[in-house]
Amino acid sequence: MLEVRDLQVAYGQAPALWGVSLELREHELLCVVGPNGAGKTTLINTLAGMLRARGGRIVFEGRDITALAPHRFCEAGVAIVPEGRRLFGSMSVLENLEIGSLVPAAKARRAGSLETVLALFPVLETKLAQAAGELSGGQQQMVAIGRALMARPRLLLLDEPSLGLSPLIVHEMFGAIRRVNTEGTAVLLVEQNVSMALRVAQRAYVLEEGRMVAEGTPGELLQRDDVRRAYLGA
Amino acid sequence: MPGFLLPSATLLAQSILSGIFVGALYGLLGLGLSLSWGLLRLINLAHFAFAFLAAYLCYQLATMGMDPLLTLVAIVPLFFSLGAALHAALARFELSPFNSLLVTFGLTGIVEAVIQSIWTADFRKLESSYGERHFKIAGLFVPLPELVTLLLAAGLSLAVWAVLRYTDLGKALRASAEDAPIAAAFGINRRRNALLLAGTCSALASVAGVCLALGFTLAPSQIYAWIGVVFAAVMLGGLGRALAPLIAGIVIGVSEAVTMAVTAPSWAPLVSFTLLIAILLLRPGRAA
Amino acid sequence: MRTPIAIVCVAVALAFVPALGLPAFYDSLLYLVLNWIVLATSWNILSGYTGYFSFGHGAFFGVGMYTTSTLLARWNWPFLWTLPAAAAVACALGVALGAIVFRVKGIRGEVFALLTLAVTFVVGTIIVNTPIDGGNGVSLAAVPVPVIGPTPSSTFYLLALAAATVTLLVAWGITVSKLGAGLFAIHDDEDAAEVMGVPTYRYKLIALAISCALAGVAGGIHALFLNYVTVGEVFTITVPLTVVLMSVLGGTRHWAGPAVGAVAITLLLYSFTAANYAVAGKAMVGLILIASILFMPGGILPRLQRTFVRRRVAPTQPPALEPPPVQPAAVATGEVMLAVRGLAKSFRGVQALCGVDVEVRRGEILGLLGPNGSGKSTFINVVSGHYLPSGGSVMFEGQELAGREAHRIARAGISRTYQIPRPFGNQSVLDNVALATLFGAGVSSPAAARREAMTWLTFTGLQGKAHAHPDQLNLHQRKFLELARALASRPRLVLLDEVLSGLTPSEIDDAVALVRRIRDHGSTVVFVEHVMRAVMALTDRVVVFDHGELLAEGTATEVMLRSDVMAAYLGQAYAAPEPAPAEAPSNAERDHA
């Protein structure tokens with residue numbers, strides 16, 4: 001469904017991704033793990049259209065979207081839950097969710113999508129009129145995921161959803177993500193919290209210093225020494 | 001220092017009313033400026049020059065026989081396009097708000113020169129049927145041009161407020177202003193929206209210009225006289241808001257009018273600028 | 001020393017112009033040019049050098065004018081004596097304004113511009129409504145013009161020439177002094193400058209005071225020149241916008257830039273007026289302003305310099321000596337140098353640090369570890385003074401540092417690097433480091449600071465890039481520049497914030513070796529890192545943060561084997577290495593801190 005070939009991305013003079021390749025199959029929950037600074041956020045942001053690649057290709061559902069304008073990625077069926085949530089803090093929770101469904105295809109199904117999101121995160125029902133910036137970290141993460149789901153994406157991109165959240169909330173979050181995946185949306189998850197990520201993923205890649213260094217099922221990866229070393233140094 | 005006079009109730013009420021009228025114009029002028037600054041991060045000093053250009057065009061068309069309010073039909077679309085075109089030209093330079101202030105100041109000088117070359121520096125007053133009509137409401141004198149200004153200002157502010165609050169476009173504009181890359185990731189076409197907004201701000205300036213032509217004497221040098229007090233209204237109300245400039249403008253207008261009634265007209269600027277200083281010192285973050 | 005001599009010589013030469021017996025008109029035109037030179041250059045001393053663009057210059061100019069006119073008309077002072085008075089009053093107004101405004105954080109950029117503009121209108125309104133002006137202006141027709149030149153107009157010319165000379169000398173003098181170095185640093189990154197030891201508040205006030213005093217003098221002279229002084233002339237937006245235009249056109253970072261702009265614009269405007277195209281002149285000026293902002297944001301002068309002035313070949317440096325030793329600490333090796341107790345920091349309800357206790361011993365390399373968001377960077381930011389703590393104490397060598405201003409903490413002997421390097425973009429690599437030497441190590445002259453900075457560049461291996469600009473360096477070099485800057489203030493404690501992130505393995509090896517050299521040279525090092533092999537190789541001790549609290553402390557090997565630390569970083573999987581992929585986590589497996 002998603003094929004990334006030899007992606008090269010740089011910030012000005014500084015290269016961040018040196019020819020990264022990956023494959024995501026239909027309905028899959030794929031995880032990309034890696035230490036801090038490996039380039040995970042760069043990868044996700046490029047797949048969402050926020051960064052332009054210097055080289056390589058992104059093919060989504062058979063269509064080459066590498067050079068698409070940033071605002072067209074959402075129409076193409078890709079939605080992002082960015083690192084640090086990045087909600088529109090001064091706007092209400094409901095407005096944030098509505099922003100998720102601005103593209104025509106999603107707008108037509110806005111009411112239904114809203115119901116789905118509220119079913120997934122019931123606590124948001126009472127917070128709809130509140131400014132998004134006033135919510136707790138966990139609730140903000142729910143809104144961020146909800147916002148992306150409102151776009152009715154066929155591929156959901158998540159960048160470190162557990163960042164700064166307490167383990168209990170993280171647990172709930174990953175539960176919701178798994179539910180979204182089982183209901184048919186493909187998910188690409190990028191995480192530092194290795195164990196949680198590997199527990200929900202069907203397949204994973206390991207990214208280190210801008211390069212893919214390993215690939216496999218979570219079981220395979222956890223046994224590998226080089227993965228342990230990258231994280232613990234021992 | 002001139003003495004304080006205690007005016008009669010009618011005089012005071014009349015002062016307050018005229019303060020409301022002039023305040024409405026401050027608000028109308030401030031509306032486009034506030035939207036541009038808050039949502040586009042551009043401080044458009046040329047806003048005032050455009051308003052005056054529209055005022056002069058209205059004057060010209062009216063002296064040639066057209067009904068002043070009808071000139072809006074021609075003027076508004078013209079300035080919408082002008083504003084959008086200007087934005088298209090400047091957008092690729094990615095100017096900081098401060099640099100946009102400087103560039104538009106340069107533009108103001110150019111527009112002022114154009115106005116002066118066509119209409120000279122002489123004072124021009126639009127003589128129209130509007131200017132002669134007035135109403136008497138509750139014993140107070142209500143001139144028609146000023147009433148028209150108030151209605152236009154209120155109507156447009158409400159319309160803009162409704163668009164920003166309730167429509168998808170309004171939400172998209174607010175989201176873009178807050179976090180542009182994420183807004184784009186959700187399908188918001190920044191470039192197109194920015195052109196729309198820039199055009200609208202200029203169109204609003206042109207409406208203010210027509211109101212200016214209706215009620216005031218025009219001279220190219222007058223462009224600069226409004227800058228200070230309108231900025232005060234914009235900052236008092238907060239950037240990127242629709243109703244706030246109008247309310248703030250009226251507050252300033254009324255305080256100025258009362259000051260003038262109680263002391264002397266030359267003290268009036270003190271009110272708006274002291275308010276502006278106070279706002280800037282106490283809440284500088286509102287400008288960010 | 002060549003520049004001031006050149007300025008004085010040119011001034012002396014120009015002093016003979018009246019002797020040429022040209023028509024009075026030329027004296028007046030030249031007077032105007034010189035008047036604008038003073039105004040633009042004086043404005044630039046604050047606004048160009050620091051980046052605080054003031055729109056209030058009209059107020060100070062006007063206050064000078066009215067001081068002189070009041071003293072002349074009311075109290076019959078001799079004209080020349082009114083000039084120092086005009087300077088003093090304008091200066092006092094400026095300092096009073098600055099004392100308040102510079103204290104409020106967040107008043108920069110367009111807010112500062114608007115504030116100063118508003119002050120202009122307020123002052124103007126007060127003057128016009130009080131007996132100072134009274135609405136009718138002040139006539140000075142009865143005041144005799146002192147006889148300095150052969151004719152009255154030449155007298156003004158000579159006075160303006162003197163004022164312009166002084167102004168240019170002052171502007172030049174500042175650029176080569178410590179004050180100037182500080183002002184330019186404030187322009188590029190005020191917060192980093194403050195942390196580096198620049199007394200930003202004081203320096204901004206000094207620059208403002210000088211700027212206002214010079215404008216006041218110009219106003220005093222102009223009052224008598226005009227003969228009839230009104231508020232409307234001066235207390236408007238036109239004066240400040242014109243000086244902005246002149247300075248931006250000529251180049252705000254150069255002492256002569258505004259003068260170049262002043263000459264160009266005044267003569268241009270004049271030529272249009274003379275040819276009866278005054279209106280077109282205004283349009284032309286507007287066009288020039290637009291063009292210079294869009295296409296030549298640095299101004300004419302730097303562009304000319306780049307084209308015509310060949311870069312002086314740097315004389316071969318004698319081999320740089322070893323960098324100066326770190327000042328002897330008040331504490332012996334192995335003793336506690338920094339004692340942090342109960343340090344807390346919250347941002348709008350989010351607790352980033354929840355009361356941590358950390359000790360740093362002299363001579364050690366301490367690692368600060370923990371997952372993302374655990375509070376490590378916040379810790380560094382609070383200890384270095386970048387943020388104020390919400391609670392707790394920071395005792396450094398017996399002094400309480402919590403709550404102190406950042407530049408005082410820097411002076412106390414602590415310095416830091418930033419995770420994302422923040423060099424001063426408009427200055428060379430050498431000057432970046434020299435600033436730290438000048439303000440952090442207390443070296444008195446910029447020249448000596450540069451020499452010492454060179455030794456630090458050699459220490460970090462950057463000596464070949466001394467004259468390059470930071471944006472010409474790659475990430476690795478920029479990180480080392482950060483290090484050189486942090487070291488140049490001769491700190492006893494260095495706080496490094498993820499200095500290795502983004503580097504290739506071999507660059508990491510270089511960096512590790514450098515950090516060791518830093519410790520061996522005499523500084524104590526605390527560093528935040530994620531790169532584990534560096535942590536293993538370098539640290540004597542580590543502390544681990546998690547969710548704003550201290551989780552563990554000990555040697556690196558001990559700590560990283562602890563199950564709670566592993567859980568914090570990696571989750572339970574490493575504590576119980578049974579892979580359980582893609583299964584719904586059961587209630588029993590819920591992990592908790």
# chains A, B, ... in the order shown; residues from 1 in each chain; ligands from 1
$ interface_residues --of "chain A" --to "chain B" --cutoff "7 Å" --atoms "only C-alpha atoms" --output "mmCIF file with C-alpha atoms, in the first residue's frame"
data_model
loop_
_atom_site.group_PDB
_atom_site.id
_atom_site.type_symbol
_atom_site.label_atom_id
_atom_site.label_comp_id
_atom_site.auth_asym_id
_atom_site.auth_seq_id
_atom_site.Cartn_x
_atom_site.Cartn_y
_atom_site.Cartn_z
ATOM 1 C CA ALA A 48 2.711 13.567 5.605
ATOM 2 C CA GLY A 49 3.913 16.134 3.110
ATOM 3 C CA MET A 50 5.325 18.613 5.613
ATOM 4 C CA PRO A 70 1.748 19.778 1.081
ATOM 5 C CA HIS A 71 -1.976 20.361 1.304
ATOM 6 C CA ARG A 72 -2.779 17.530 -1.067
ATOM 7 C CA PHE A 73 -1.483 14.717 1.096
ATOM 8 C CA CYS A 74 -4.581 14.712 3.239
ATOM 9 C CA GLU A 75 -6.849 14.335 0.198
ATOM 10 C CA PHE A 88 -4.581 24.352 17.518
ATOM 11 C CA ILE A 99 -10.253 20.910 10.944
ATOM 12 C CA GLY A 100 -9.406 17.259 10.528
ATOM 13 C CA LEU A 102 -11.932 19.833 5.882
ATOM 14 C CA VAL A 103 -11.127 17.855 2.769
#
$ residues_around --residues "C:Val531" --least-positions-apart "3" --cutoff "8 Å" --atoms "only C-alpha atoms" --output "list in words"
Gly233 of chain A; Leu500, Ser501, Ala534 and Val535 of chain C
$ residues_around --residues "stretch 240-245 of chain B" --least-positions-apart "5" --cutoff "12 Å" --atoms "only C-alpha atoms" --output "ChimeraX atom specification"
/B:23-43,153-165,170,173-178,197,201,204,229-235,250-253,286-288
$ interface_residues --of "chain B" --to "chain C" --cutoff "6 Å" --atoms "only C-alpha atoms" --output "JSON, numbers by chain"
{"B": [1, 98, 103, 106, 107, 109, 110, 113, 270, 273, 277, 284]}
$ closest_residue --among "C:Thr539, C:Arg411, C:Gly403, C:Val350" --to "chain A" --atoms "only C-alpha atoms"
C:Val350
$ closest_residue --among "C:His386, C:His187, C:His530, C:Arg202" --to "C:Pro371" --atoms "only C-alpha atoms"
C:His530
$ select_by_dssp --residues "stretch 76-160 of chain A" --states "alpha helix (DSSP H)" --output "short mmCIF file (atom, residue, chain, number, x, y, z; two decimals) with C-alpha atoms, in the first residue's frame"
data_model
loop_
_atom_site.label_atom_id
_atom_site.label_comp_id
_atom_site.auth_asym_id
_atom_site.auth_seq_id
_atom_site.Cartn_x
_atom_site.Cartn_y
_atom_site.Cartn_z
CA ALA A 76 -4.68 11.48 -0.94
CA VAL A 93 -11.70 20.63 20.77
CA LEU A 94 -14.64 20.42 18.41
CA GLU A 95 -13.03 22.91 16.03
CA ASN A 96 -9.81 20.91 16.09
CA LEU A 97 -11.74 17.82 15.12
CA GLU A 98 -13.56 19.73 12.39
CA ILE A 99 -10.25 20.91 10.94
CA GLY A 100 -9.41 17.26 10.53
CA PRO A 104 -14.33 17.34 0.76
CA ALA A 105 -14.42 13.56 1.04
CA ALA A 106 -14.11 13.69 4.81
CA LYS A 107 -16.42 16.68 5.17
CA ALA A 108 -19.31 14.75 3.70
CA ARG A 110 -18.17 14.54 9.25
CA ALA A 111 -21.05 13.65 11.54
CA GLY A 112 -20.36 9.94 11.32
CA SER A 113 -16.66 10.42 11.89
CA LEU A 114 -17.33 12.53 14.95
CA GLU A 115 -19.46 9.77 16.42
CA THR A 116 -16.70 7.24 15.80
CA VAL A 117 -14.08 9.42 17.46
CA LEU A 118 -16.24 10.08 20.49
CA ALA A 119 -16.95 6.37 20.79
CA LEU A 120 -13.22 5.76 20.80
CA GLY A 137 -1.43 15.75 27.84
CA GLY A 138 -3.32 12.52 27.49
CA GLN A 139 -6.54 14.22 26.45
CA GLN A 140 -4.66 16.32 23.92
CA GLN A 141 -3.23 13.17 22.44
CA MET A 142 -6.76 11.82 22.09
CA VAL A 143 -7.82 14.97 20.28
CA ALA A 144 -4.81 14.72 18.02
CA ILE A 145 -5.62 11.16 17.10
CA GLY A 146 -9.28 12.08 16.70
CA ARG A 147 -8.39 14.97 14.43
CA ALA A 148 -6.47 12.66 12.16
CA LEU A 149 -9.25 10.08 12.16
CA MET A 150 -11.79 12.74 11.14
#
$ select_by_dssp --residues "stretch 128-230 of chain A" --states "strand (DSSP E)" --output "PyMOL selection string"
chain A and resi 155-159+186-191+203-208+211-216
$ atom_distance --atom1 "atom CA of A:Phe174" --atom2 "atom CA of A:Leu17"
26.9 Å
$ residues_around --residues "C:Leu80" --least-positions-apart "2" --cutoff "10 Å" --atoms "only C-alpha atoms" --output "MDAnalysis selection string"
chainID C and resid 68 77:78 82:85 145:146 159 220:221
$ write_last_selection --atoms "N, CA and C atoms" --output "PDB file, in the first residue's frame"
ATOM      1  N   THR C  68      15.851  73.811  23.696  1.00  0.00           N
ATOM      2  CA  THR C  68      16.587  74.979  23.227  1.00  0.00           C
ATOM      3  C   THR C  68      15.665  76.172  23.038  1.00  0.00           C
ATOM      4  N   TRP C  77      18.955  82.269  27.407  1.00  0.00           N
ATOM      5  CA  TRP C  77      20.246  81.618  27.544  1.00  0.00           C
ATOM      6  C   TRP C  77      21.088  81.879  26.301  1.00  0.00           C
ATOM      7  N   PRO C  78      22.406  81.844  26.434  1.00  0.00           N
ATOM      8  CA  PRO C  78      23.247  81.902  25.239  1.00  0.00           C
ATOM      9  C   PRO C  78      23.040  80.588  24.464  1.00  0.00           C
ATOM     10  N   THR C  82      22.623  76.110  25.361  1.00  0.00           N
ATOM     11  CA  THR C  82      21.377  75.330  25.358  1.00  0.00           C
ATOM     12  C   THR C  82      21.605  73.940  24.791  1.00  0.00           C
ATOM     13  N   LEU C  83      22.675  73.781  24.015  1.00  0.00           N
ATOM     14  CA  LEU C  83      22.874  72.480  23.375  1.00  0.00           C
ATOM     15  C   LEU C  83      23.137  71.349  24.375  1.00  0.00           C
ATOM     16  N   PRO C  84      24.061  71.526  25.321  1.00  0.00           N
ATOM     17  CA  PRO C  84      24.201  70.456  26.313  1.00  0.00           C
ATOM     18  C   PRO C  84      22.912  70.219  27.097  1.00  0.00           C
ATOM     19  N   ALA C  85      22.167  71.306  27.332  1.00  0.00           N
ATOM     20  CA  ALA C  85      20.895  71.144  28.044  1.00  0.00           C
ATOM     21  C   ALA C  85      19.934  70.304  27.218  1.00  0.00           C
ATOM     22  N   VAL C 145      22.034  84.830  16.153  1.00  0.00           N
ATOM     23  CA  VAL C 145      22.788  83.633  15.824  1.00  0.00           C
ATOM     24  C   VAL C 145      24.258  83.888  16.152  1.00  0.00           C
ATOM     25  N   PRO C 146      24.887  83.008  16.933  1.00  0.00           N
ATOM     26  CA  PRO C 146      26.304  83.229  17.263  1.00  0.00           C
ATOM     27  C   PRO C 146      27.159  83.281  16.006  1.00  0.00           C
ATOM     28  N   LEU C 159      28.190  74.146  12.893  1.00  0.00           N
ATOM     29  CA  LEU C 159      27.693  73.476  14.094  1.00  0.00           C
ATOM     30  C   LEU C 159      27.271  72.052  13.774  1.00  0.00           C
ATOM     31  N   GLY C 220      18.495  70.821  19.102  1.00  0.00           N
ATOM     32  CA  GLY C 220      18.805  72.164  19.565  1.00  0.00           C
ATOM     33  C   GLY C 220      19.295  73.057  18.432  1.00  0.00           C
ATOM     34  N   ILE C 221      20.187  72.511  17.644  1.00  0.00           N
ATOM     35  CA  ILE C 221      20.715  73.289  16.520  1.00  0.00           C
ATOM     36  C   ILE C 221      19.597  73.597  15.533  1.00  0.00           C
TER      37      ILE C 221
END
$ atom_distance --atom1 "atom CA of C:Cys91" --atom2 "atom CA of C:Gly58"
13.2 Å
$ closest_residue --among "A:Asp159, A:Ser21, A:Val187, A:Ala16" --to "chain C" --atoms "only C-alpha atoms"
A:Ala16
$ residues_around --residues "A:Arg178" --least-positions-apart "6" --cutoff "12 Å" --atoms "only C-alpha atoms" --output "list in words"
His27, Glu28, Leu29, Leu30, Leu120, Leu156, His171, Glu172, Gly184, Thr185, Ala186, Val187, Leu188, Leu189, Met196, Ala197, Leu198, Arg199, Val200, Ala201 and Gln202 of chain A; Ala582, Glu583, Ala584 and Pro585 of chain C
$ write_last_selection --atoms "N, CA and C atoms" --output "short mmCIF file (atom, residue, chain, number, x, y, z; two decimals), in the first residue's frame"
data_model
loop_
_atom_site.label_atom_id
_atom_site.label_comp_id
_atom_site.auth_asym_id
_atom_site.auth_seq_id
_atom_site.Cartn_x
_atom_site.Cartn_y
_atom_site.Cartn_z
N HIS A 27 -3.77 -2.62 5.62
CA HIS A 27 -4.27 -2.92 6.96
C HIS A 27 -3.18 -3.27 7.96
N GLU A 28 -1.94 -3.01 7.61
CA GLU A 28 -0.86 -3.39 8.51
C GLU A 28 -0.65 -2.34 9.59
N LEU A 29 -0.11 -2.78 10.74
CA LEU A 29 0.32 -1.84 11.76
C LEU A 29 1.84 -1.95 11.82
N LEU A 30 2.49 -1.00 11.22
CA LEU A 30 3.94 -1.05 11.09
C LEU A 30 4.57 -0.07 12.06
N LEU A 120 -14.58 6.21 20.50
CA LEU A 120 -13.22 5.76 20.80
C LEU A 120 -12.68 6.43 22.06
N LEU A 156 -2.73 6.07 8.62
CA LEU A 156 -2.60 6.95 9.78
C LEU A 156 -1.14 6.96 10.22
N HIS A 171 -0.92 3.28 27.71
CA HIS A 171 -1.57 1.99 27.52
C HIS A 171 -2.91 2.15 26.82
N GLU A 172 -3.71 3.11 27.32
CA GLU A 172 -5.01 3.36 26.69
C GLU A 172 -4.84 3.78 25.24
N GLY A 184 -9.57 -1.41 10.10
CA GLY A 184 -9.25 -1.29 8.68
C GLY A 184 -8.27 -0.23 8.25
N THR A 185 -7.84 0.63 9.16
CA THR A 185 -6.91 1.68 8.74
C THR A 185 -5.47 1.20 8.91
N ALA A 186 -4.67 1.40 7.90
CA ALA A 186 -3.25 1.06 8.03
C ALA A 186 -2.58 2.09 8.93
N VAL A 187 -1.64 1.63 9.74
CA VAL A 187 -1.00 2.54 10.69
C VAL A 187 0.52 2.45 10.58
N LEU A 188 1.16 3.59 10.53
CA LEU A 188 2.62 3.64 10.59
C LEU A 188 2.96 4.39 11.86
N LEU A 189 3.60 3.71 12.75
CA LEU A 189 3.85 4.26 14.08
C LEU A 189 5.34 4.42 14.28
N MET A 196 6.37 -1.02 24.07
CA MET A 196 4.96 -0.80 23.77
C MET A 196 4.73 -0.92 22.29
N ALA A 197 5.61 -0.28 21.53
CA ALA A 197 5.45 -0.27 20.09
C ALA A 197 5.52 -1.70 19.54
N LEU A 198 6.51 -2.44 20.00
CA LEU A 198 6.68 -3.77 19.46
C LEU A 198 5.54 -4.69 19.89
N ARG A 199 4.86 -4.33 20.94
CA ARG A 199 3.76 -5.18 21.39
C ARG A 199 2.55 -5.04 20.50
N VAL A 200 2.35 -3.87 19.89
CA VAL A 200 1.16 -3.72 19.04
C VAL A 200 1.46 -3.94 17.57
N ALA A 201 2.72 -3.85 17.20
CA ALA A 201 3.02 -3.88 15.77
C ALA A 201 3.07 -5.30 15.23
N GLN A 202 2.77 -5.39 13.95
CA GLN A 202 2.90 -6.69 13.29
C GLN A 202 4.28 -6.84 12.71
N ALA C 582 1.93 -8.09 19.15
CA ALA C 582 0.60 -7.96 18.57
C ALA C 582 -0.49 -8.71 19.33
N GLU C 583 -0.32 -8.83 20.63
CA GLU C 583 -1.40 -9.40 21.43
C GLU C 583 -1.97 -8.29 22.27
N ALA C 584 -3.27 -8.34 22.54
CA ALA C 584 -3.83 -7.30 23.40
C ALA C 584 -3.19 -7.41 24.77
N PRO C 585 -2.61 -6.35 25.25
CA PRO C 585 -1.94 -6.43 26.56
C PRO C 585 -2.98 -6.76 27.62
#
$ residues_around --residues "A:Arg52" --least-positions-apart "3" --cutoff "12 Å" --atoms "only C-alpha atoms" --output "list of chain:residue names"
A:Leu7, A:Gln8, A:Val9, A:Ala10, A:Tyr11, A:Gly12, A:Leu17, A:Thr42, A:Leu43, A:Ile44, A:Asn45, A:Thr46, A:Leu47, A:Ala48, A:Gly49, A:Gly55, A:Gly56, A:Arg57, A:Ile58, A:Ile65, A:Thr66, A:Ala67, A:Leu68, A:Ala69, A:Pro70, A:Phe73
$ residues_around --residues "B:Leu147" --least-positions-apart "4" --cutoff "9 Å" --atoms "only C-alpha atoms" --output "short mmCIF file (atom, residue, chain, number, x, y, z; two decimals) with N, CA and C atoms, in the first residue's frame"
data_model
loop_
_atom_site.label_atom_id
_atom_site.label_comp_id
_atom_site.auth_asym_id
_atom_site.auth_seq_id
_atom_site.Cartn_x
_atom_site.Cartn_y
_atom_site.Cartn_z
N PHE B 21 -19.42 57.47 16.35
CA PHE B 21 -19.33 57.48 14.89
C PHE B 21 -17.88 57.42 14.42
N HIS B 134 -29.71 64.65 7.53
CA HIS B 134 -29.44 64.21 8.89
C HIS B 134 -30.76 63.88 9.56
N VAL B 142 -27.99 63.39 14.14
CA VAL B 142 -27.35 62.20 13.57
C VAL B 142 -27.17 62.40 12.07
N PRO B 143 -25.97 62.76 11.65
CA PRO B 143 -25.74 62.99 10.22
C PRO B 143 -25.75 61.67 9.45
N LEU B 151 -23.22 51.82 10.35
CA LEU B 151 -23.91 50.61 9.91
C LEU B 151 -22.99 49.70 9.12
N LEU B 152 -22.22 50.30 8.22
CA LEU B 152 -21.28 49.48 7.45
C LEU B 152 -20.26 48.82 8.36
#
$ atom_distance --atom1 "atom CA of C:His57" --atom2 "atom CA of C:Thr230"
16.3 Å
